[in-house]
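J.: Okay, so here is start.txt, and as you'll see once you scroll down, it has compact mmCIF, C-alpha atoms.
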```txt
# COMPACT_ATOMS: atom_id res chain seq x y z
CA MET A 1 -16.98 -171.34 105.20
CA ASP A 2 -20.15 -171.96 107.22
CA ASN A 3 -19.77 -173.55 110.64
CA LEU A 4 -19.62 -177.28 109.94
CA GLN A 5 -20.73 -178.20 113.46
CA PRO A 6 -23.24 -175.62 114.71
CA ARG A 7 -24.52 -175.85 118.26
CA ARG A 8 -27.71 -177.88 118.40
CA TYR A 9 -30.02 -179.58 120.85
CA ILE A 10 -29.25 -183.27 121.46
CA PHE A 11 -32.45 -185.24 121.96
CA ARG A 12 -32.48 -188.12 124.44
CA GLY A 13 -35.46 -190.13 125.62
CA HIS A 14 -36.46 -193.75 126.05
CA ALA A 15 -39.25 -195.83 127.54
CA SER A 16 -39.43 -199.56 128.27
CA GLY A 17 -42.24 -201.89 129.30
CA VAL A 18 -41.43 -205.17 131.04
CA SER A 19 -38.20 -207.12 131.39
CA ALA A 20 -37.07 -209.96 133.64
CA HIS A 21 -34.00 -212.00 134.44
CA ILE A 22 -34.55 -215.05 136.61
CA ARG A 23 -31.12 -216.28 137.75
CA ARG A 24 -31.99 -219.29 139.90
CA PRO A 25 -32.90 -222.10 140.10
CA GLN A 26 -32.26 -221.77 136.36
CA ASP A 27 -31.40 -218.91 134.04
CA GLN A 28 -34.47 -217.47 132.32
CA LEU A 29 -34.46 -214.18 130.44
CA LEU A 30 -37.39 -212.11 129.23
CA PRO A 31 -35.98 -209.52 126.81
CA VAL A 32 -37.40 -206.01 127.04
CA GLN A 33 -41.04 -206.10 125.98
CA GLY A 34 -41.99 -202.72 124.57
CA CYS A 35 -39.22 -200.23 123.89
CA SER A 36 -39.14 -196.75 122.35
CA SER A 37 -35.96 -194.69 121.95
CA LEU A 38 -35.18 -191.39 120.24
CA PRO A 39 -32.31 -190.71 117.86
CA VAL A 40 -30.18 -187.61 118.27
CA ILE A 41 -32.46 -185.53 115.99
CA GLY A 42 -35.63 -186.34 117.95
CA GLY A 43 -38.70 -187.65 116.17
CA PHE A 44 -41.23 -190.26 117.26
CA ALA A 45 -40.99 -193.88 118.36
CA GLU A 46 -43.85 -196.13 119.43
CA ASN A 47 -44.18 -199.80 120.35
CA LYS A 48 -47.07 -202.00 121.45
CA VAL A 49 -46.89 -205.58 122.72
CA GLY A 50 -49.72 -208.02 123.42
CA PRO A 51 -49.93 -210.69 126.13
CA GLN A 52 -46.65 -212.37 127.04
CA ARG A 53 -45.53 -214.95 129.60
CA LEU A 54 -42.20 -216.16 130.97
CA ASP A 55 -43.07 -219.62 132.26
CA LYS A 56 -44.60 -219.37 135.76
CA TRP A 57 -42.63 -216.25 136.72
CA VAL A 58 -43.90 -213.25 134.79
CA SER A 59 -46.91 -212.43 132.64
CA PHE A 60 -48.70 -209.31 131.43
CA ASP A 61 -51.69 -208.42 129.28
CA ALA A 62 -50.38 -205.42 127.32
CA VAL A 63 -47.49 -202.97 127.06
CA SER A 64 -47.26 -199.69 125.17
CA THR A 65 -44.33 -197.26 124.98
CA SER A 66 -43.63 -194.04 123.15
CA ALA A 67 -40.99 -191.32 122.88
CA ARG A 68 -41.40 -188.02 121.05
CA GLY A 69 -38.97 -185.11 120.69
CA ASP A 70 -39.27 -181.97 118.58
CA TYR A 71 -39.22 -178.19 118.54
CA VAL A 72 -42.22 -176.78 120.40
CA ASP A 73 -43.03 -174.55 117.40
CA PRO A 74 -42.96 -176.52 114.12
CA ALA A 75 -42.44 -173.29 112.14
CA ALA A 76 -39.25 -172.62 114.11
CA GLY A 77 -38.07 -176.10 113.19
CA VAL A 78 -38.57 -175.28 109.53
CA ALA A 79 -36.65 -172.03 109.99
CA THR A 80 -33.62 -173.94 111.27
CA THR A 81 -33.37 -175.70 107.89
CA THR A 82 -33.05 -172.42 106.00
CA GLY A 83 -30.55 -170.82 108.35
CA ALA A 84 -33.04 -168.17 109.47
CA VAL A 85 -32.92 -169.56 113.02
CA ALA A 86 -30.01 -171.26 114.79
CA PHE A 87 -30.49 -174.97 115.47
CA ASP A 88 -30.20 -174.48 119.24
CA ALA A 89 -32.41 -171.38 119.49
CA PRO A 90 -36.03 -172.66 119.43
CA PRO A 91 -37.37 -174.40 122.58
CA THR A 92 -37.70 -178.18 122.40
CA GLU A 93 -39.84 -180.70 124.25
CA THR A 94 -39.34 -184.43 124.79
CA ARG A 95 -42.06 -186.78 126.07
CA VAL A 96 -41.65 -190.42 127.07
CA LYS A 97 -44.42 -192.79 128.17
CA SER A 98 -44.68 -196.41 129.22
CA GLU A 99 -47.80 -198.33 130.26
CA VAL A 100 -48.13 -201.89 131.53
CA HIS A 101 -51.47 -203.63 132.10
CA GLY A 102 -52.19 -206.87 133.91
CA LEU A 103 -48.73 -207.60 135.32
CA VAL A 104 -48.48 -210.79 137.43
CA ILE A 105 -45.36 -212.04 139.22
CA LEU A 106 -45.29 -215.69 140.38
CA GLY A 107 -49.07 -215.65 140.61
CA ARG A 108 -48.76 -213.67 143.86
CA VAL A 109 -48.25 -210.01 143.01
CA HIS A 110 -50.68 -208.29 140.62
CA VAL A 111 -50.37 -204.79 139.17
CA ALA A 112 -53.42 -203.86 137.13
CA HIS A 113 -51.96 -200.65 135.68
CA ALA A 114 -48.50 -199.06 135.94
CA ALA A 115 -47.60 -196.01 133.87
CA VAL A 116 -44.67 -193.61 133.54
CA GLY A 117 -44.78 -190.15 131.98
CA LEU A 118 -41.86 -187.68 131.76
CA ILE A 119 -41.62 -184.35 129.95
CA SER A 120 -38.34 -182.47 129.46
CA ARG A 121 -37.86 -179.01 128.00
CA SER A 122 -34.64 -177.60 126.65
CA PRO A 123 -32.64 -175.40 129.03
CA ILE A 124 -32.36 -171.63 128.64
CA GLY A 125 -28.72 -170.53 128.63
CA LYS A 126 -26.84 -172.27 131.43
CA GLU A 127 -29.96 -173.17 133.38
CA GLN A 128 -30.83 -176.79 134.06
CA PRO A 129 -33.48 -178.36 131.82
CA VAL A 130 -36.96 -178.51 133.30
CA ILE A 131 -38.18 -182.11 133.61
CA THR A 132 -41.65 -182.80 134.97
CA LEU A 133 -43.80 -185.84 135.68
CA GLU A 134 -47.20 -186.38 134.09
CA GLY A 135 -49.59 -189.32 133.97
CA ASN A 136 -47.78 -191.60 136.40
CA ILE A 137 -50.02 -194.41 137.69
CA LEU A 138 -49.90 -197.34 140.12
CA ASP A 139 -53.36 -198.88 140.33
CA GLY A 140 -54.77 -202.25 141.27
CA VAL A 141 -51.73 -203.47 143.19
CA ARG A 142 -52.37 -206.69 145.11
CA ILE A 143 -50.17 -209.11 147.04
CA ASP A 144 -51.98 -212.44 147.35
CA ASP A 145 -55.43 -211.38 148.59
CA SER A 146 -54.32 -208.06 150.14
CA ARG A 147 -54.69 -204.80 148.23
CA LEU A 148 -52.31 -201.83 148.38
CA ALA A 149 -53.31 -198.18 148.00
CA ILE A 150 -50.39 -196.14 146.65
CA THR A 151 -50.38 -192.33 146.64
CA LEU A 152 -47.87 -190.60 144.36
CA ALA A 153 -46.12 -187.26 144.93
CA GLU A 154 -46.25 -186.15 141.31
CA ASP A 155 -47.15 -182.61 142.40
CA PHE A 156 -43.93 -182.30 144.43
CA TYR A 157 -41.79 -183.04 141.38
CA GLN A 158 -43.83 -180.65 139.27
CA VAL A 159 -42.57 -177.89 141.58
CA CYS A 160 -39.05 -179.33 142.03
CA ASP A 161 -38.55 -179.74 138.30
CA THR A 162 -34.75 -179.30 138.36
CA LYS A 163 -32.07 -180.73 140.63
CA ASP A 164 -31.22 -177.25 141.88
CA LYS A 165 -34.82 -176.67 142.97
CA LEU A 166 -34.83 -180.04 144.70
CA ALA A 167 -31.66 -179.14 146.61
CA LYS A 168 -33.11 -175.77 147.66
CA ALA A 169 -36.34 -177.39 148.84
CA HIS A 170 -34.35 -179.88 150.92
CA ALA A 171 -32.17 -177.14 152.40
CA ALA A 172 -35.28 -175.14 153.36
CA GLY A 173 -36.72 -178.18 155.15
CA LEU A 174 -39.21 -180.53 153.53
CA PRO A 175 -42.61 -180.99 155.18
CA PRO A 176 -43.07 -184.31 157.03
CA ASN A 177 -45.15 -185.89 154.26
CA HIS A 178 -42.37 -185.18 151.73
CA ALA A 179 -39.21 -185.63 153.81
CA HIS A 180 -38.93 -189.34 152.98
CA LEU A 181 -38.99 -188.76 149.20
CA LEU A 182 -35.21 -188.22 149.05
CA LEU A 183 -33.51 -191.52 149.86
CA PRO A 184 -30.36 -191.70 152.05
CA LEU A 185 -27.15 -192.66 150.27
CA ASP A 186 -26.50 -195.55 152.69
CA GLY A 187 -29.78 -197.24 151.76
CA SER A 188 -31.23 -196.93 155.25
CA ALA A 189 -34.90 -196.31 155.94
CA GLY A 190 -36.23 -192.85 156.74
CA ALA A 191 -35.50 -189.38 155.45
CA ALA A 192 -32.11 -188.19 154.27
CA THR A 193 -30.54 -185.62 156.58
CA ALA A 194 -27.90 -184.19 154.24
CA PHE A 195 -28.80 -183.72 150.57
CA PRO A 196 -28.25 -187.30 149.27
CA GLU A 197 -26.21 -186.61 146.14
CA GLY A 198 -23.63 -189.16 144.98
CA ASN A 199 -21.58 -188.70 141.79
CA GLY A 200 -24.04 -186.03 140.68
CA THR A 201 -27.11 -188.23 141.15
CA VAL A 202 -29.92 -188.09 143.72
CA LYS A 203 -32.10 -191.16 144.25
CA CYS A 204 -35.71 -190.38 145.20
CA THR A 205 -39.12 -191.95 145.20
CA ILE A 206 -42.37 -190.51 143.89
CA VAL A 207 -44.35 -192.58 146.41
CA LYS A 208 -45.91 -190.35 149.06
CA GLU A 209 -47.66 -193.19 150.90
CA ILE A 210 -48.35 -196.92 150.72
CA ARG A 211 -51.06 -198.42 152.90
CA TRP A 212 -53.20 -201.53 152.99
CA ASP A 213 -56.57 -201.06 151.30
CA GLY A 214 -58.57 -203.36 153.54
CA GLU A 215 -57.19 -206.34 155.43
CA PRO A 216 -53.37 -206.17 155.75
CA HIS A 217 -51.23 -208.95 154.36
CA PRO A 218 -50.42 -211.48 157.10
CA THR A 219 -46.65 -211.35 156.59
CA ALA A 220 -45.74 -208.54 154.15
CA THR A 221 -44.47 -205.27 155.63
CA ILE A 222 -44.33 -201.72 154.22
CA HIS A 223 -41.12 -199.67 154.52
CA GLY A 224 -41.53 -196.32 152.77
CA HIS A 225 -41.68 -197.07 149.03
CA VAL A 226 -40.61 -200.71 149.56
CA VAL A 227 -42.78 -203.71 150.42
CA HIS A 228 -41.04 -206.77 151.84
CA VAL A 229 -42.83 -210.06 151.20
CA PRO A 230 -41.33 -213.09 153.02
CA ASN A 231 -40.65 -216.07 150.75
CA PHE A 232 -40.97 -213.78 147.73
CA GLY A 233 -38.61 -210.79 147.95
CA LYS A 234 -38.89 -207.00 147.86
CA ILE A 235 -41.00 -204.74 145.67
CA TYR A 236 -39.74 -201.21 144.97
CA PHE A 237 -42.28 -198.65 143.78
CA GLY A 238 -41.65 -195.32 142.05
CA GLU A 239 -37.83 -195.09 142.07
CA LEU A 240 -36.53 -191.85 140.54
CA TYR A 241 -32.91 -190.94 139.70
CA ILE A 242 -32.26 -187.22 139.21
CA THR A 243 -29.14 -185.59 137.76
CA ARG A 244 -28.45 -182.08 136.54
CA GLU A 245 -29.72 -183.02 133.07
CA SER A 246 -31.87 -186.14 133.45
CA ARG A 247 -34.60 -188.03 135.27
CA ARG A 248 -35.09 -191.80 135.17
CA LEU A 249 -38.26 -193.23 136.69
CA THR A 250 -39.08 -196.90 137.34
CA MET A 251 -42.60 -197.56 138.55
CA VAL A 252 -42.15 -201.16 139.74
CA ARG A 253 -38.99 -203.19 140.38
CA PHE A 254 -38.98 -206.66 141.91
CA GLN A 255 -35.97 -208.13 143.71
CA LEU A 256 -36.92 -211.78 144.00
CA GLY A 257 -35.31 -213.66 146.84
CA SER A 258 -36.76 -216.98 148.03
CA ASP A 259 -36.50 -220.39 146.41
CA LEU A 260 -35.68 -218.46 143.27
CA GLY A 261 -33.72 -215.29 142.62
CA GLY A 262 -33.81 -212.64 139.97
CA GLU A 263 -35.20 -209.26 138.99
CA VAL A 264 -38.23 -207.92 137.15
CA VAL A 265 -38.90 -204.34 136.10
CA ALA A 266 -42.04 -202.71 134.67
CA ALA A 267 -42.88 -199.27 133.29
CA GLU A 268 -39.68 -197.24 133.04
CA GLY A 269 -38.72 -194.04 131.28
CA GLU A 270 -35.82 -191.59 131.06
CA THR A 271 -35.34 -188.24 129.41
CA ASN A 272 -32.55 -185.72 129.42
CA GLY A 273 -30.82 -183.44 127.05
CA GLY A 274 -28.83 -180.33 126.36
CA THR A 275 -26.99 -178.49 123.64
CA TRP A 276 -23.66 -179.44 122.10
CA PRO A 277 -21.20 -177.86 122.29
CA PRO A 278 -22.35 -176.83 125.79
CA ILE A 279 -22.78 -173.19 126.60
```
Could you spell out this file's structure in structure tokens?
T.:
Amino acid sequence: MDNLQPRRYIFRGHASGVSAHIRRPQDQLLPVQGCSSLPVIGGFAENKVGPQRLDKWVSFDAVSTSARGDYVDPAAGVATTTGAVAFDAPPTETRVKSEVHGLVILGRVHVAHAAVGLISRSPIGKEQPVITLEGNILDGVRIDDSRLAITLAEDFYQVCDTKDKLAKAHAAGLPPNHAHLLLPLDGSAGAATAFPEGNGTVKCTIVKEIRWDGEPHPTATIHGHVVHVPNFGKIYFGELYITRESRRLTMVRFQLGSDLGGEVVAAEGETNGGTWPPI
């Protein structure tokens, strides 16, 4: 009898647009606006959302998300259906994207354009899957009347496209302009001394630099990839979680903490994958 459960590639990928949960002074929930997720066989998912508003707290002009997973060579995909090629043999590629335009939080923080792009490719043998970043954007960020210029380190993660490569780069000594990209496990500011892996996960940022573009904000302060705004909360830019098989990137996350409390997130994507049964 033929093998009833042949080894095959398990597709995983999702992208989300904007979501919010205001917890005080009253509970207000904005369900995920814009969501695309792949089934186990891959395929294509796409979602677009027009202008939305959650009372005075959150608004945006447009959201679009997509997730696509398939064999790199369509002919090889056809060959798997005839038994000419094993299901796990041909290379696969998964792409996830999320874009948010015109995001406004409490009328104070504006993000004109935030975008996430991740590409994963199936592993070869026991190697880790290659996952790269492409098309990530943080433009038109403004706090009150003060503009931020944010530079991303997408090129660094193009080179360190697996967790093993990231660990080797850290062990060799990262250059000063990249040392802060790996975040310490204790949440402190500055660069991680030891490789900051906890339960198989490394938390990083793709933000190389944040600076004021013009006149600085009178009270807000920049701390690496985080901006602290008194009487508003904290804004986290470009947070990236890396495991042996996955990468999850969030372009903007708000931790609100003043007269009101809650969280908002915008432009997020994750992709990972491998074969089952594992090699």
J.: Leaving out Trp276 of chain A and any residue of its chain fewer than 4 positions from it, which residues lie within 8 Å of it when counting all atoms listed in the file, given as a PDB file with C-alpha atoms, keeping the file's coordinate frame?
T.:
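File produced: part27.pdb:
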```
ATOM      1  CA  ARG A   7     -24.520-175.850 118.260  1.00  0.00           C
ATOM      2  CA  ARG A   8     -27.710-177.880 118.400  1.00  0.00           C
ATOM      3  CA  TYR A   9     -30.020-179.580 120.850  1.00  0.00           C
ATOM      4  CA  ILE A  10     -29.250-183.270 121.460  1.00  0.00           C
TER       5      ILE A  10
END
```
J.: Show me, as a PDB file with C-alpha atoms, in the frame of the given file, the residues that have an atom within 7 Å of segment 261-267 of chain A when counting all atoms listed in the file, minus same-chain residues fewer than 3 positions from it.
T.:
```
ATOM      1  CA  SER A  16     -39.430-199.560 128.270  1.00  0.00           C
ATOM      2  CA  GLY A  17     -42.240-201.890 129.300  1.00  0.00           C
ATOM      3  CA  VAL A  18     -41.430-205.170 131.040  1.00  0.00           C
ATOM      4  CA  SER A  19     -38.200-207.120 131.390  1.00  0.00           C
ATOM      5  CA  ALA A  20     -37.070-209.960 133.640  1.00  0.00           C
ATOM      6  CA  HIS A  21     -34.000-212.000 134.440  1.00  0.00           C
ATOM      7  CA  ILE A  22     -34.550-215.050 136.610  1.00  0.00           C
ATOM      8  CA  ARG A  23     -31.120-216.280 137.750  1.00  0.00           C
ATOM      9  CA  ARG A  24     -31.990-219.290 139.900  1.00  0.00           C
ATOM     10  CA  SER A  98     -44.680-196.410 129.220  1.00  0.00           C
ATOM     11  CA  GLU A  99     -47.800-198.330 130.260  1.00  0.00           C
ATOM     12  CA  VAL A 100     -48.130-201.890 131.530  1.00  0.00           C
ATOM     13  CA  ALA A 114     -48.500-199.060 135.940  1.00  0.00           C
ATOM     14  CA  ALA A 115     -47.600-196.010 133.870  1.00  0.00           C
ATOM     15  CA  VAL A 116     -44.670-193.610 133.540  1.00  0.00           C
ATOM     16  CA  THR A 250     -39.080-196.900 137.340  1.00  0.00           C
ATOM     17  CA  MET A 251     -42.600-197.560 138.550  1.00  0.00           C
ATOM     18  CA  VAL A 252     -42.150-201.160 139.740  1.00  0.00           C
ATOM     19  CA  ARG A 253     -38.990-203.190 140.380  1.00  0.00           C
ATOM     20  CA  PHE A 254     -38.980-206.660 141.910  1.00  0.00           C
ATOM     21  CA  GLN A 255     -35.970-208.130 143.710  1.00  0.00           C
ATOM     22  CA  LEU A 256     -36.920-211.780 144.000  1.00  0.00           C
ATOM     23  CA  GLY A 257     -35.310-213.660 146.840  1.00  0.00           C
ATOM     24  CA  SER A 258     -36.760-216.980 148.030  1.00  0.00           C
TER      25      SER A 258
END
```
J.: Select, from A:Val40, A:Pro184, A:Lys203, A:Ala194, the residue with the minimum atom-to-atom distance to Ala172 of chain A, counting only C-alpha atoms.
T.: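 Closest candidate: A:Ala194.
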J.: Name the residues in contact with Ala167 of chain A at a cut-off of 10 Å, using all atoms listed in the file, excluding same-chain residues fewer than 2 positions from it; report them as a list of chain:residue names.
T.: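 Counting all atoms listed in the file, the residues come to A:Cys160, A:Thr162, A:Lys163, A:Asp164, A:Lys165, A:Ala169, A:His170, A:Ala171, A:Ala172, A:Gly173, A:Ala194, A:Phe195, A:Pro196, A:Glu197, A:Val202.
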J.: Counting only C-alpha atoms, select every polymer residue within 12 Å of (-29.1, -190.3, 148.5) as defined in the file's coordinates, and provide the selection as a PyMOL selection string.
T.: chain A and resi 167+170+180-205+239-243
J.: To one decimal place in Å, what is the distance between atom CA of Pro25 of chain A and atom CA of Ala220 of chain A?
T.: 23.4 Å
J.: As a compact mmCIF listing (two decimals) with C-alpha atoms, in the frame of the given file, please: the residues near Glu127 of chain A (cut-off 10 Å, only C-alpha atoms, same-chain neighbours under 4 positions excluded).
T.:
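Generated output (part14.txt):
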```
# COMPACT_ATOMS: atom_id res chain seq x y z
CA SER A 122 -34.64 -177.60 126.65
CA PRO A 123 -32.64 -175.40 129.03
CA THR A 162 -34.75 -179.30 138.36
CA ASP A 164 -31.22 -177.25 141.88
CA ARG A 244 -28.45 -182.08 136.54
CA GLU A 245 -29.72 -183.02 133.07
CA ILE A 279 -22.78 -173.19 126.60
```
J.: Place a sphere of radius 12 Å on (-34.7, -185.1, 124.2) in the file coordinates and name every protein, DNA or RNA residue with an atom inside or on its surface, counting only C-alpha atoms; give the answer as a PyMOL selection string.
T.: chain A and resi 8-14+37-44+67-72+91-96+118-123+129-131+245-247+270-275
J.: Hey, can you spit out that residue selection with C-alpha atoms as an mmCIF file, keeping the file's coordinate frame?
T.:
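Output below, filename part-v9.cif:
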```
data_model
loop_
_atom_site.group_PDB
_atom_site.id
_atom_site.type_symbol
_atom_site.label_atom_id
_atom_site.label_comp_id
_atom_site.auth_asym_id
_atom_site.auth_seq_id
_atom_site.Cartn_x
_atom_site.Cartn_y
_atom_site.Cartn_z
ATOM 1 C CA ARG A 8 -27.710 -177.880 118.400
ATOM 2 C CA TYR A 9 -30.020 -179.580 120.850
ATOM 3 C CA ILE A 10 -29.250 -183.270 121.460
ATOM 4 C CA PHE A 11 -32.450 -185.240 121.960
ATOM 5 C CA ARG A 12 -32.480 -188.120 124.440
ATOM 6 C CA GLY A 13 -35.460 -190.130 125.620
ATOM 7 C CA HIS A 14 -36.460 -193.750 126.050
ATOM 8 C CA SER A 37 -35.960 -194.690 121.950
ATOM 9 C CA LEU A 38 -35.180 -191.390 120.240
ATOM 10 C CA PRO A 39 -32.310 -190.710 117.860
ATOM 11 C CA VAL A 40 -30.180 -187.610 118.270
ATOM 12 C CA ILE A 41 -32.460 -185.530 115.990
ATOM 13 C CA GLY A 42 -35.630 -186.340 117.950
ATOM 14 C CA GLY A 43 -38.700 -187.650 116.170
ATOM 15 C CA PHE A 44 -41.230 -190.260 117.260
ATOM 16 C CA ALA A 67 -40.990 -191.320 122.880
ATOM 17 C CA ARG A 68 -41.400 -188.020 121.050
ATOM 18 C CA GLY A 69 -38.970 -185.110 120.690
ATOM 19 C CA ASP A 70 -39.270 -181.970 118.580
ATOM 20 C CA TYR A 71 -39.220 -178.190 118.540
ATOM 21 C CA VAL A 72 -42.220 -176.780 120.400
ATOM 22 C CA PRO A 91 -37.370 -174.400 122.580
ATOM 23 C CA THR A 92 -37.700 -178.180 122.400
ATOM 24 C CA GLU A 93 -39.840 -180.700 124.250
ATOM 25 C CA THR A 94 -39.340 -184.430 124.790
ATOM 26 C CA ARG A 95 -42.060 -186.780 126.070
ATOM 27 C CA VAL A 96 -41.650 -190.420 127.070
ATOM 28 C CA LEU A 118 -41.860 -187.680 131.760
ATOM 29 C CA ILE A 119 -41.620 -184.350 129.950
ATOM 30 C CA SER A 120 -38.340 -182.470 129.460
ATOM 31 C CA ARG A 121 -37.860 -179.010 128.000
ATOM 32 C CA SER A 122 -34.640 -177.600 126.650
ATOM 33 C CA PRO A 123 -32.640 -175.400 129.030
ATOM 34 C CA PRO A 129 -33.480 -178.360 131.820
ATOM 35 C CA VAL A 130 -36.960 -178.510 133.300
ATOM 36 C CA ILE A 131 -38.180 -182.110 133.610
ATOM 37 C CA GLU A 245 -29.720 -183.020 133.070
ATOM 38 C CA SER A 246 -31.870 -186.140 133.450
ATOM 39 C CA ARG A 247 -34.600 -188.030 135.270
ATOM 40 C CA GLU A 270 -35.820 -191.590 131.060
ATOM 41 C CA THR A 271 -35.340 -188.240 129.410
ATOM 42 C CA ASN A 272 -32.550 -185.720 129.420
ATOM 43 C CA GLY A 273 -30.820 -183.440 127.050
ATOM 44 C CA GLY A 274 -28.830 -180.330 126.360
ATOM 45 C CA THR A 275 -26.990 -178.490 123.640
#
```
J.: Excluding same-chain residues fewer than 2 positions from Val111 of chain A, what lies within 12 Å of it counting all atoms listed in the file, as an mmCIF file with C-alpha atoms, in the coordinates of the input?
T.:
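Result saved to selection.cif:
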```cif
data_model
loop_
_atom_site.group_PDB
_atom_site.id
_atom_site.type_symbol
_atom_site.label_atom_id
_atom_site.label_comp_id
_atom_site.auth_asym_id
_atom_site.auth_seq_id
_atom_site.Cartn_x
_atom_site.Cartn_y
_atom_site.Cartn_z
ATOM 1 C CA VAL A 58 -43.900 -213.250 134.790
ATOM 2 C CA SER A 59 -46.910 -212.430 132.640
ATOM 3 C CA PHE A 60 -48.700 -209.310 131.430
ATOM 4 C CA ASP A 61 -51.690 -208.420 129.280
ATOM 5 C CA ALA A 62 -50.380 -205.420 127.320
ATOM 6 C CA GLU A 99 -47.800 -198.330 130.260
ATOM 7 C CA VAL A 100 -48.130 -201.890 131.530
ATOM 8 C CA HIS A 101 -51.470 -203.630 132.100
ATOM 9 C CA GLY A 102 -52.190 -206.870 133.910
ATOM 10 C CA LEU A 103 -48.730 -207.600 135.320
ATOM 11 C CA VAL A 104 -48.480 -210.790 137.430
ATOM 12 C CA ILE A 105 -45.360 -212.040 139.220
ATOM 13 C CA GLY A 107 -49.070 -215.650 140.610
ATOM 14 C CA ARG A 108 -48.760 -213.670 143.860
ATOM 15 C CA VAL A 109 -48.250 -210.010 143.010
ATOM 16 C CA HIS A 113 -51.960 -200.650 135.680
ATOM 17 C CA ALA A 114 -48.500 -199.060 135.940
ATOM 18 C CA ALA A 115 -47.600 -196.010 133.870
ATOM 19 C CA ILE A 137 -50.020 -194.410 137.690
ATOM 20 C CA LEU A 138 -49.900 -197.340 140.120
ATOM 21 C CA ASP A 139 -53.360 -198.880 140.330
ATOM 22 C CA GLY A 140 -54.770 -202.250 141.270
ATOM 23 C CA VAL A 141 -51.730 -203.470 143.190
ATOM 24 C CA ARG A 142 -52.370 -206.690 145.110
ATOM 25 C CA ILE A 143 -50.170 -209.110 147.040
ATOM 26 C CA ASP A 144 -51.980 -212.440 147.350
ATOM 27 C CA ARG A 147 -54.690 -204.800 148.230
ATOM 28 C CA LEU A 148 -52.310 -201.830 148.380
ATOM 29 C CA ALA A 149 -53.310 -198.180 148.000
ATOM 30 C CA ILE A 150 -50.390 -196.140 146.650
ATOM 31 C CA ILE A 235 -41.000 -204.740 145.670
ATOM 32 C CA PHE A 237 -42.280 -198.650 143.780
ATOM 33 C CA MET A 251 -42.600 -197.560 138.550
ATOM 34 C CA VAL A 252 -42.150 -201.160 139.740
ATOM 35 C CA ARG A 253 -38.990 -203.190 140.380
ATOM 36 C CA PHE A 254 -38.980 -206.660 141.910
ATOM 37 C CA VAL A 265 -38.900 -204.340 136.100
ATOM 38 C CA ALA A 266 -42.040 -202.710 134.670
ATOM 39 C CA ALA A 267 -42.880 -199.270 133.290
#
```
J.: Rank nothing, just name the residue among A:Leu174, A:Ala86, A:Val49, A:Val227 nearest to Gln5 of chain A, using all atoms listed in the file.
T.: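 Answer, going by the shortest atom-to-atom distance: A:Ala86.
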